[in-house]
Every structure is written in structure tokens, then in C-alpha cells.
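Structure data (compact mmCIF, C-alpha atoms) from target_1.txt:
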```
# COMPACT_ATOMS: atom_id res chain seq x y z
CA MET A 1 75.17 189.41 -38.57
CA ILE A 2 76.84 187.53 -35.75
CA ALA A 3 80.55 188.23 -35.31
CA THR A 4 83.17 185.64 -36.23
CA ALA A 5 86.47 184.64 -34.62
CA PRO A 6 89.32 182.22 -35.36
CA PHE A 7 88.28 178.68 -34.41
CA GLY A 8 91.46 177.78 -32.59
CA ASN A 9 94.33 177.02 -34.92
CA THR A 10 92.12 175.49 -37.60
CA GLY A 11 92.34 178.53 -39.86
CA HIS A 12 88.54 178.82 -39.99
CA GLU A 13 86.68 181.97 -38.97
CA SER A 14 83.61 180.57 -37.25
CA SER A 15 80.58 182.54 -36.16
CA ARG A 16 80.86 182.91 -32.40
CA MET A 17 77.44 181.32 -32.18
CA LEU A 18 77.63 177.73 -33.43
CA PHE A 19 74.47 175.89 -34.41
CA GLY A 20 73.84 173.06 -31.98
CA ALA A 21 72.14 170.63 -34.34
CA ALA A 22 70.74 168.45 -31.58
CA ALA A 23 67.77 170.76 -32.13
CA LEU A 24 67.09 168.94 -35.42
CA GLY A 25 66.86 165.50 -33.85
CA SER A 26 63.11 165.11 -34.23
CA VAL A 27 61.85 168.09 -36.24
CA SER A 28 60.01 168.03 -39.55
CA HIS A 29 61.64 168.78 -42.88
CA ALA A 30 59.75 172.09 -43.00
CA ASP A 31 61.05 173.12 -39.57
CA ALA A 32 64.58 172.19 -40.61
CA GLU A 33 64.28 174.36 -43.71
CA ARG A 34 63.10 177.33 -41.64
CA THR A 35 66.05 176.77 -39.34
CA LEU A 36 68.46 176.88 -42.27
CA ASP A 37 66.98 180.18 -43.44
CA LEU A 38 67.49 181.61 -39.96
CA LEU A 39 71.12 180.49 -39.78
CA LEU A 40 71.87 182.04 -43.16
CA GLU A 41 70.14 185.27 -42.11
CA TYR A 42 72.37 185.63 -39.05
CA GLY A 43 75.56 184.44 -40.72
CA VAL A 44 76.00 181.27 -38.68
CA ASN A 45 78.61 179.24 -40.56
CA HIS A 46 79.42 176.38 -38.18
CA ILE A 47 77.21 173.34 -37.47
CA ASP A 48 77.76 170.95 -34.57
CA THR A 49 75.92 167.63 -34.84
CA ALA A 50 76.45 164.02 -33.73
CA ALA A 51 75.66 160.48 -34.78
CA SER A 52 73.39 160.20 -31.75
CA TYR A 53 71.25 163.27 -32.54
CA GLY A 54 68.31 161.48 -34.13
CA ASP A 55 67.63 162.71 -37.66
CA SER A 56 69.97 165.69 -37.33
CA GLU A 57 72.60 164.51 -39.80
CA LEU A 58 69.91 163.59 -42.33
CA ARG A 59 68.30 167.03 -42.05
CA ILE A 60 71.66 168.75 -42.52
CA ALA A 61 72.49 166.71 -45.63
CA SER A 62 70.16 168.69 -47.87
CA TRP A 63 71.58 171.98 -46.55
CA LEU A 64 75.12 170.95 -47.39
CA LYS A 65 74.14 169.85 -50.87
CA ARG A 66 72.47 173.18 -51.66
CA HIS A 67 75.05 175.37 -49.91
CA PRO A 68 78.45 173.72 -50.45
CA GLY A 69 81.30 175.39 -48.64
CA THR A 70 79.03 177.51 -46.46
CA PHE A 71 79.37 175.61 -43.20
CA PHE A 72 82.18 174.25 -41.08
CA VAL A 73 80.72 170.83 -40.22
CA ALA A 74 81.42 169.00 -36.97
CA THR A 75 80.02 165.66 -35.92
CA LYS A 76 80.70 163.28 -33.03
CA THR A 77 81.07 159.63 -32.21
CA GLY A 78 80.07 158.17 -28.88
CA GLU A 79 81.78 154.85 -29.55
CA ARG A 80 84.89 154.04 -27.52
CA ASP A 81 86.57 151.34 -29.61
CA TYR A 82 88.26 151.63 -33.00
CA LYS A 83 85.83 149.44 -34.92
CA GLY A 84 82.70 151.02 -33.48
CA ALA A 85 83.97 154.58 -33.93
CA LYS A 86 85.10 153.94 -37.50
CA GLU A 87 81.77 152.40 -38.46
CA GLU A 88 79.78 155.17 -36.79
CA PHE A 89 81.85 157.91 -38.44
CA HIS A 90 81.49 156.40 -41.90
CA ARG A 91 77.74 156.12 -41.28
CA SER A 92 77.76 159.83 -40.40
CA LEU A 93 79.47 160.68 -43.68
CA GLU A 94 76.82 158.71 -45.53
CA ARG A 95 73.96 160.34 -43.61
CA LEU A 96 75.44 163.80 -44.15
CA GLY A 97 75.93 163.05 -47.85
CA VAL A 98 79.55 164.25 -47.83
CA ASP A 99 83.00 162.81 -48.50
CA ARG A 100 84.54 164.46 -45.46
CA VAL A 101 83.78 166.73 -42.50
CA ASP A 102 85.80 169.42 -40.81
CA LEU A 103 85.76 168.17 -37.22
CA LEU A 104 85.19 164.77 -35.61
CA GLN A 105 84.72 164.86 -31.84
CA LEU A 106 84.89 162.10 -29.25
CA HIS A 107 81.53 162.58 -27.59
CA ASN A 108 81.13 163.07 -23.83
CA LEU A 109 84.52 161.67 -22.92
CA VAL A 110 84.45 162.19 -19.13
CA ASP A 111 84.11 158.82 -17.43
CA VAL A 112 87.59 157.58 -16.52
CA ILE A 113 87.03 154.06 -17.86
CA ASP A 114 85.55 155.38 -21.11
CA TRP A 115 88.50 157.75 -21.38
CA GLU A 116 91.01 154.93 -21.03
CA PHE A 117 89.26 152.78 -23.63
CA ALA A 118 88.84 155.60 -26.15
CA LEU A 119 92.40 156.92 -26.03
CA ARG A 120 94.34 153.68 -25.82
CA GLU A 121 95.57 151.59 -28.75
CA GLY A 122 92.54 150.14 -30.52
CA GLY A 123 90.32 152.93 -29.21
CA ALA A 124 88.10 155.55 -30.83
CA LEU A 125 90.93 158.05 -31.08
CA GLU A 126 92.82 155.67 -33.34
CA ALA A 127 89.85 155.63 -35.73
CA ALA A 128 89.69 159.45 -35.68
CA VAL A 129 93.40 159.80 -36.44
CA GLU A 130 93.08 157.27 -39.27
CA ALA A 131 90.18 159.26 -40.72
CA ARG A 132 92.29 162.42 -40.54
CA ASP A 133 95.21 160.70 -42.24
CA GLU A 134 92.87 159.55 -45.00
CA GLY A 135 91.53 163.07 -45.55
CA LEU A 136 88.04 162.23 -44.30
CA VAL A 137 88.24 164.73 -41.45
CA ARG A 138 90.47 167.75 -40.94
CA PHE A 139 90.44 168.15 -37.16
CA ILE A 140 89.74 166.12 -34.01
CA GLY A 141 88.02 167.34 -30.83
CA VAL A 142 86.60 166.14 -27.54
CA THR A 143 83.36 167.03 -25.75
CA GLY A 144 81.88 166.43 -22.31
CA HIS A 145 79.40 167.24 -19.55
CA GLY A 146 79.38 167.14 -15.77
CA LEU A 147 81.57 168.49 -12.98
CA PRO A 148 84.79 166.62 -13.92
CA VAL A 149 84.71 167.69 -17.57
CA ALA A 150 87.20 170.58 -17.50
CA ALA A 151 89.79 168.55 -15.63
CA MET A 152 89.25 165.58 -17.95
CA HIS A 153 89.63 167.79 -21.01
CA ARG A 154 92.98 169.02 -19.70
CA ARG A 155 93.97 165.41 -19.21
CA SER A 156 92.88 164.65 -22.78
CA LEU A 157 95.00 167.54 -24.09
CA GLU A 158 98.01 166.12 -22.29
CA ARG A 159 97.46 162.77 -24.03
CA PHE A 160 96.71 164.07 -27.54
CA ALA A 161 96.77 167.38 -29.43
CA PHE A 162 93.01 167.79 -29.82
CA ASP A 163 91.96 170.78 -31.93
CA SER A 164 88.87 171.66 -29.90
CA VAL A 165 87.07 171.03 -26.64
CA LEU A 166 83.43 171.51 -25.68
CA LEU A 167 81.89 171.83 -22.20
CA PRO A 168 79.21 173.65 -20.15
CA TYR A 169 79.72 177.33 -19.33
CA ASN A 170 77.22 179.68 -17.73
CA PHE A 171 77.25 182.17 -14.85
CA ARG A 172 75.35 179.95 -12.41
CA GLN A 173 77.55 176.90 -12.94
CA LEU A 174 80.68 179.03 -12.55
CA GLN A 175 79.63 179.91 -8.99
CA ASP A 176 80.93 176.45 -8.13
CA GLU A 177 84.47 177.44 -7.16
CA ARG A 178 86.05 174.13 -8.12
CA TYR A 179 84.33 174.02 -11.51
CA ALA A 180 85.33 177.64 -12.12
CA ALA A 181 88.97 176.97 -11.23
CA GLU A 182 89.16 173.92 -13.47
CA PHE A 183 87.46 175.80 -16.31
CA GLU A 184 89.99 178.63 -16.01
CA ALA A 185 92.88 176.16 -16.06
CA LEU A 186 91.45 174.52 -19.18
CA ALA A 187 90.87 177.89 -20.85
CA ALA A 188 94.49 178.87 -20.19
CA THR A 189 95.70 175.64 -21.77
CA CYS A 190 93.46 176.19 -24.80
CA THR A 191 94.78 179.74 -25.25
CA GLU A 192 98.36 178.59 -24.96
CA ARG A 193 97.93 175.77 -27.49
CA GLY A 194 95.44 177.33 -29.90
CA VAL A 195 92.65 174.89 -29.03
CA ALA A 196 89.13 176.05 -29.88
CA LEU A 197 86.96 176.42 -26.75
CA GLN A 198 83.28 175.64 -27.35
CA THR A 199 80.64 176.11 -24.67
CA ILE A 200 77.13 174.77 -24.10
CA LYS A 201 74.24 175.23 -21.65
CA SER A 202 74.37 179.04 -21.76
CA ILE A 203 70.64 179.56 -21.18
CA ALA A 204 70.09 176.82 -18.60
CA LEU A 205 67.60 177.72 -15.88
CA ALA A 206 67.64 174.45 -13.91
CA PRO A 207 67.43 170.67 -14.28
CA TRP A 208 63.94 169.47 -15.18
CA ASP A 209 63.78 167.38 -11.99
CA GLY A 210 60.52 165.71 -12.92
CA ARG A 211 58.70 168.83 -14.10
CA ALA A 212 56.71 168.69 -17.33
CA LYS A 213 59.06 169.47 -20.20
CA THR A 214 58.20 172.50 -22.32
CA ALA A 215 61.27 172.37 -24.60
CA SER A 216 63.41 169.72 -26.26
CA THR A 217 66.48 170.75 -24.27
CA TRP A 218 67.60 168.27 -21.60
CA TYR A 219 67.53 171.11 -19.03
CA GLU A 220 64.83 173.70 -18.37
CA PRO A 221 65.84 176.77 -20.39
CA LEU A 222 65.34 180.47 -19.93
CA THR A 223 62.61 181.66 -22.29
CA ASP A 224 62.25 185.40 -21.70
CA PRO A 225 64.18 187.30 -24.41
CA ALA A 226 65.75 189.71 -21.91
CA ASP A 227 66.92 186.86 -19.68
CA ILE A 228 68.29 184.95 -22.67
CA ALA A 229 70.16 188.06 -23.80
CA LEU A 230 71.84 188.40 -20.39
CA ALA A 231 72.92 184.76 -20.40
CA VAL A 232 74.16 184.84 -24.00
CA HIS A 233 75.99 188.16 -23.58
CA TRP A 234 77.71 186.89 -20.44
CA VAL A 235 79.19 183.97 -22.39
CA LEU A 236 80.11 186.03 -25.45
CA GLY A 237 81.66 188.61 -23.15
CA ARG A 238 84.57 186.25 -22.66
CA ASP A 239 87.04 186.50 -25.53
CA GLY A 240 87.99 183.31 -27.28
CA VAL A 241 84.92 181.21 -26.54
CA PHE A 242 82.23 179.95 -28.88
CA LEU A 243 78.64 179.34 -27.84
CA ASN A 244 76.53 176.46 -29.13
CA THR A 245 72.87 177.25 -29.55
CA ALA A 246 70.31 175.46 -27.38
CA GLY A 247 68.82 172.18 -28.60
CA ASP A 248 65.37 173.57 -29.43
CA VAL A 249 64.43 175.21 -32.74
CA ASP A 250 61.79 177.39 -31.08
CA LEU A 251 64.42 178.98 -28.85
CA LEU A 252 66.85 179.48 -31.72
CA PRO A 253 65.47 182.85 -32.95
CA LEU A 254 65.79 184.33 -29.45
CA VAL A 255 69.34 183.06 -28.97
CA LEU A 256 70.51 184.24 -32.40
CA ALA A 257 68.89 187.65 -31.97
CA ALA A 258 70.63 188.03 -28.61
CA ALA A 259 74.00 187.10 -30.13
CA GLU A 260 73.56 189.59 -32.97
CA ARG A 261 72.82 192.38 -30.47
CA PHE A 262 75.94 191.69 -28.42
CA ASP A 263 77.98 194.91 -28.35
CA GLY A 264 81.10 193.55 -26.68
CA GLU A 265 80.14 194.53 -23.14
CA ARG A 266 79.73 191.69 -20.67
CA PRO A 267 76.88 192.00 -18.13
CA SER A 268 78.17 192.75 -14.65
CA ASP A 269 78.24 190.12 -11.91
CA GLU A 270 75.62 192.21 -10.11
CA ARG A 271 73.20 191.92 -13.03
CA MET A 272 73.88 188.21 -13.33
CA ARG A 273 73.34 187.62 -9.61
CA GLU A 274 70.03 189.47 -9.92
CA LEU A 275 69.06 187.09 -12.73
CA VAL A 276 70.03 184.08 -10.62
CA GLU A 277 67.90 185.26 -7.70
CA ARG A 278 64.92 186.47 -9.75
CA ARG A 279 64.65 183.28 -11.81
CA ALA A 280 66.01 180.89 -9.15
CA LEU A 281 68.71 179.58 -11.50
CA ALA A 282 70.16 176.27 -10.35
CA PRO A 283 73.41 174.57 -11.41
CA LEU A 284 73.00 171.63 -13.77
CA PHE A 285 75.82 169.71 -12.10
CA VAL A 286 76.36 169.46 -8.35
```

Target encoding C-alpha cells, full file:
Amino acid sequence: MIATAPFGNTGHESSRMLFGAAALGSVSHADAERTLDLLLEYGVNHIDTAASYGDSELRIASWLKRHPGTFFVATKTGERDYKGAKEEFHRSLERLGVDRVDLLQLHNLVDVIDWEFALREGGALEAAVEARDEGLVRFIGVTGHGLPVAAMHRRSLERFAFDSVLLPYNFRQLQDERYAAEFEALAATCTERGVALQTIKSIALAPWDGRAKTASTWYEPLTDPADIALAVHWVLGRDGVFLNTAGDVDLLPLVLAAAERFDGERPSDERMRELVERRALAPLFV
């Protein structure tokens, strides 16, 4: 079974590996059912989906009906205004077949103009707070991609007491000194305030850059089990972080198996540099 840890100050003990339900966006019902069986086998108890993830919320609905209380459920809205975010969130509740969810996240809030619209009066944050006040959601988070994301998340935490953040974290990306410094500053703020720190893109090899895609992830992923284990163990080797699984159901067994085998020891920088050189790992954001 995969180890659990407190998900920030929410009071929930989440599996350190969270299920990134973007992987369900275009899979069959049968594949979704096999995925559920795998999550239950490894003790994954936290699902991260979004309104924009294709059929993901619809696939999850049957899981939640059959296994009530098993999963901490997070979804996201990409809308920036109050009306749009409220409508999208209520549509998510309907698609998920539930009366409430645990976490509603403002999706990919990095662009400065988007940020201003979403957090001002009449913005998406207002809809999220209203939903929390009405008991439709328990917690509110923010997610993002790209080089400015850590700095923008810190800015978001200064504006509002978000319960969680989500952003990319892998050894190759952290070789960018500025990204690393901003990530560390964000991590310190999260520790100080009890904000859950979720990470993505752990097994990224490189951007696709026009190459034929062999997985449903938006980056080219590592596929060798030993390489995946190194990447996963490096992330889990940092206390206090959670790791979202890759957005491909075929990679899920390898990622979950790697997480279950994690013994608490983080791979050395030397081993990680060897992986970078051997596989020609490239940063996703430059």
C-alpha cells in the first residue's frame, strides 16, 4: 500500500500518490473500471479531476456511487468570472453525481491578467468561496504550469488563504536555478501555513516537440520501470509533497508500483544526473 500523509491542514490523510484523473479523459468504461481496481489495490484515496478533462468526471461518478467515502475528491474550474465558474462547478457536481466535493481548484492560474480577473470581485474565487459557504465544497486550491507558477502561487497565497497548490516538480526542471529558488520559497510558505503541496510532471522526459505521440500525456514520459522509479522516488523523497499520477492509464501501474516500493530514501543527485544524461531529459518549461 502507498503511504499516506496529512493533506495540509484539511484533516485528511491522503495517499502520497494522488490519482491524476486526466488519464480518464477519453478511455472506455472498461478501462476506467480496471483503473479503479488498481487504485483500490494500492490504497490511493485521493482523486484529482477537472471540468476540462473530457469524460473524466463522468467515469469517476460510478466509482463514487459504489465506494462512498473512499476518496477525497478534487475538481477544477478554468473559468475566470463568477458566473462562469459557478456554472462550471455545478455542472461538475452533476457530472460527478455528488452533492459536494472536497476541493475546488482554480485551474492553471498563472497568467497575470487571468489572475486579476479570477481573484477580484466578481471573479471565479468569489464563486468558490460561495460554494464553500454553502457546503458544496470544503476547501479551495489553485493550480498552474510554466516557469512563473511558483511565484504566482505565492502571490495567490498572499491574496487568499488557499488550502492547496499544485505545480510541476521534477529533478530536471529543478536544475533551472530560478525555478528551483521560487519553488523553495513557495514550499516554505506552504509549510508555514499548512497548505497542501501537490506536484505534477514527475516522469517527464521531454516536450513532444512534433514527435509522434505514444502516450496521452502532454509531454513525452519516461516508460522504463527503473527510470520511472527513480523519478517517482526523487519526488517522494521530499517530505510534505504529494505526487499526481501521469495522465495515461497505461503508465499508471508502473507509477503506482514505484510509489509502493519507495522506502524513504531519495535517489542521490549523482544518480539523477546520470538519468538526465542517459535519457537526455529536457525541461518542460524554458

Leaving out Gly247 of chain A and any residue of its chain fewer than 3 positions from it, which residues lie within 7 Å of it when counting all atoms listed in the file, given as a PDB file with C-alpha atoms, in the frame of the given file?
```pdb
ATOM      1  CA  GLY A  20      73.840 173.060 -31.980  1.00  0.00           C
ATOM      2  CA  ALA A  21      72.140 170.630 -34.340  1.00  0.00           C
ATOM      3  CA  ALA A  22      70.740 168.450 -31.580  1.00  0.00           C
ATOM      4  CA  ALA A  23      67.770 170.760 -32.130  1.00  0.00           C
ATOM      5  CA  SER A 216      63.410 169.720 -26.260  1.00  0.00           C
ATOM      6  CA  THR A 217      66.480 170.750 -24.270  1.00  0.00           C
TER       7      THR A 217
END
```

Ranking A:Leu109, A:Leu58, A:Leu119, A:Val101 by minimum distance to Ala131 of chain A and counting only C-alpha atoms, which one comes first? A:Val101

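The coordinates place atom CA of Phe139 of chain A at 4.7 Å from atom CA of Leu103 of chain A.
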
Mind checking which residues fall within 9 Å of segment 30-39 of chain A, counting all atoms listed in the file, ignoring those fewer than 6 positions away in the same chain, and posting them as a list in words?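 Neighbouring residues, sequence-local ones excluded: Phe19, Leu24, Asn45, Arg59, Ile60, Trp63, Val249, Leu252, Pro253 and Leu256 of chain A.
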
Which protein, DNA or RNA residues have an atom at most 10 Å from (76.9, 159.3, -32.0), counting all atoms listed in the file? List them as a list in words.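 Selection result: Thr49, Ala50, Ala51, Ser52, Tyr53, Gly54, Thr75, Lys76, Thr77, Gly78, Glu79, Ala85, Glu88, Phe89, Arg91, Ser92, Gln105, Leu106, His107 and Asn108 of chain A.
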
Check the smallest atom-to-atom distance from each of A:Met272, A:Val27, A:Glu57, A:Ala124 to Asp250 of chain A using all atoms listed in the file, then report the winner.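 Smallest separation from Asp250 of chain A among the options: A:Val27.
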
Can you measure atom CA of Gly84 of chain A to atom CA of Gly123 of chain A for me? One decimal in Å is fine.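 If I compute the distance from atom CA of Gly84 of chain A to atom CA of Gly123 of chain A, I get 8.9 Å.
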
Just so I have it separately, write segment 48-71 of chain A from the block I sent, keeping N, CA and C atoms, as a PDB file, in the first residue's frame.
```pdb
ATOM      1  N   ASP A  48      -7.905  13.600  -8.354  1.00  0.00           N
ATOM      2  CA  ASP A  48      -7.801  14.974  -8.839  1.00  0.00           C
ATOM      3  C   ASP A  48      -8.294  15.024 -10.282  1.00  0.00           C
ATOM      4  N   THR A  49      -9.445  15.659 -10.496  1.00  0.00           N
ATOM      5  CA  THR A  49     -10.002  15.759 -11.839  1.00  0.00           C
ATOM      6  C   THR A  49     -10.259  17.234 -12.169  1.00  0.00           C
ATOM      7  N   ALA A  50     -10.955  17.482 -13.272  1.00  0.00           N
ATOM      8  CA  ALA A  50     -11.265  18.859 -13.682  1.00  0.00           C
ATOM      9  C   ALA A  50     -12.411  18.840 -14.664  1.00  0.00           C
ATOM     10  N   ALA A  51     -13.118  19.953 -14.736  1.00  0.00           N
ATOM     11  CA  ALA A  51     -14.213  20.076 -15.689  1.00  0.00           C
ATOM     12  C   ALA A  51     -13.736  19.908 -17.124  1.00  0.00           C
ATOM     13  N   SER A  52     -12.484  20.249 -17.366  1.00  0.00           N
ATOM     14  CA  SER A  52     -11.953  20.223 -18.733  1.00  0.00           C
ATOM     15  C   SER A  52     -11.326  18.889 -19.123  1.00  0.00           C
ATOM     16  N   TYR A  53     -11.404  17.882 -18.263  1.00  0.00           N
ATOM     17  CA  TYR A  53     -10.750  16.595 -18.539  1.00  0.00           C
ATOM     18  C   TYR A  53     -11.680  15.615 -19.261  1.00  0.00           C
ATOM     19  N   GLY A  54     -12.285  16.031 -20.324  1.00  0.00           N
ATOM     20  CA  GLY A  54     -13.089  15.125 -21.132  1.00  0.00           C
ATOM     21  C   GLY A  54     -14.164  14.425 -20.323  1.00  0.00           C
ATOM     22  N   ASP A  55     -14.187  13.080 -20.415  1.00  0.00           N
ATOM     23  CA  ASP A  55     -15.196  12.290 -19.709  1.00  0.00           C
ATOM     24  C   ASP A  55     -14.769  11.897 -18.297  1.00  0.00           C
ATOM     25  N   SER A  56     -13.697  12.477 -17.803  1.00  0.00           N
ATOM     26  CA  SER A  56     -13.151  12.065 -16.507  1.00  0.00           C
ATOM     27  C   SER A  56     -14.181  12.102 -15.389  1.00  0.00           C
ATOM     28  N   GLU A  57     -14.876  13.216 -15.230  1.00  0.00           N
ATOM     29  CA  GLU A  57     -15.839  13.318 -14.143  1.00  0.00           C
ATOM     30  C   GLU A  57     -16.956  12.287 -14.286  1.00  0.00           C
ATOM     31  N   LEU A  58     -17.367  12.014 -15.513  1.00  0.00           N
ATOM     32  CA  LEU A  58     -18.415  11.018 -15.744  1.00  0.00           C
ATOM     33  C   LEU A  58     -17.936   9.623 -15.374  1.00  0.00           C
ATOM     34  N   ARG A  59     -16.696   9.303 -15.694  1.00  0.00           N
ATOM     35  CA  ARG A  59     -16.142   7.989 -15.356  1.00  0.00           C
ATOM     36  C   ARG A  59     -16.048   7.819 -13.843  1.00  0.00           C
ATOM     37  N   ILE A  60     -15.667   8.877 -13.151  1.00  0.00           N
ATOM     38  CA  ILE A  60     -15.494   8.818 -11.702  1.00  0.00           C
ATOM     39  C   ILE A  60     -16.824   8.658 -10.985  1.00  0.00           C
ATOM     40  N   ALA A  61     -17.898   9.175 -11.575  1.00  0.00           N
ATOM     41  CA  ALA A  61     -19.210   9.172 -10.917  1.00  0.00           C
ATOM     42  C   ALA A  61     -19.621   7.783 -10.446  1.00  0.00           C
ATOM     43  N   SER A  62     -19.419   6.784 -11.278  1.00  0.00           N
ATOM     44  CA  SER A  62     -19.825   5.433 -10.886  1.00  0.00           C
ATOM     45  C   SER A  62     -18.957   4.900  -9.750  1.00  0.00           C
ATOM     46  N   TRP A  63     -17.686   5.298  -9.713  1.00  0.00           N
ATOM     47  CA  TRP A  63     -16.803   4.891  -8.616  1.00  0.00           C
ATOM     48  C   TRP A  63     -17.318   5.431  -7.292  1.00  0.00           C
ATOM     49  N   LEU A  64     -17.667   6.720  -7.298  1.00  0.00           N
ATOM     50  CA  LEU A  64     -18.093   7.370  -6.068  1.00  0.00           C
ATOM     51  C   LEU A  64     -19.408   6.795  -5.557  1.00  0.00           C
ATOM     52  N   LYS A  65     -20.252   6.410  -6.479  1.00  0.00           N
ATOM     53  CA  LYS A  65     -21.541   5.826  -6.086  1.00  0.00           C
ATOM     54  C   LYS A  65     -21.342   4.479  -5.407  1.00  0.00           C
ATOM     55  N   ARG A  66     -20.413   3.675  -5.944  1.00  0.00           N
ATOM     56  CA  ARG A  66     -20.186   2.338  -5.397  1.00  0.00           C
ATOM     57  C   ARG A  66     -19.263   2.333  -4.179  1.00  0.00           C
ATOM     58  N   HIS A  67     -18.445   3.357  -4.035  1.00  0.00           N
ATOM     59  CA  HIS A  67     -17.476   3.406  -2.937  1.00  0.00           C
ATOM     60  C   HIS A  67     -17.573   4.742  -2.200  1.00  0.00           C
ATOM     61  N   PRO A  68     -18.726   5.031  -1.616  1.00  0.00           N
ATOM     62  CA  PRO A  68     -18.899   6.325  -0.935  1.00  0.00           C
ATOM     63  C   PRO A  68     -17.921   6.470   0.229  1.00  0.00           C
ATOM     64  N   GLY A  69     -17.358   7.651   0.340  1.00  0.00           N
ATOM     65  CA  GLY A  69     -16.452   7.923   1.442  1.00  0.00           C
ATOM     66  C   GLY A  69     -15.040   7.405   1.270  1.00  0.00           C
ATOM     67  N   THR A  70     -14.773   6.762   0.145  1.00  0.00           N
ATOM     68  CA  THR A  70     -13.440   6.185  -0.067  1.00  0.00           C
ATOM     69  C   THR A  70     -12.434   7.223  -0.525  1.00  0.00           C
ATOM     70  N   PHE A  71     -12.877   8.161  -1.354  1.00  0.00           N
ATOM     71  CA  PHE A  71     -11.957   9.092  -1.989  1.00  0.00           C
ATOM     72  C   PHE A  71     -12.171  10.544  -1.561  1.00  0.00           C
TER      73      PHE A  71
END
```
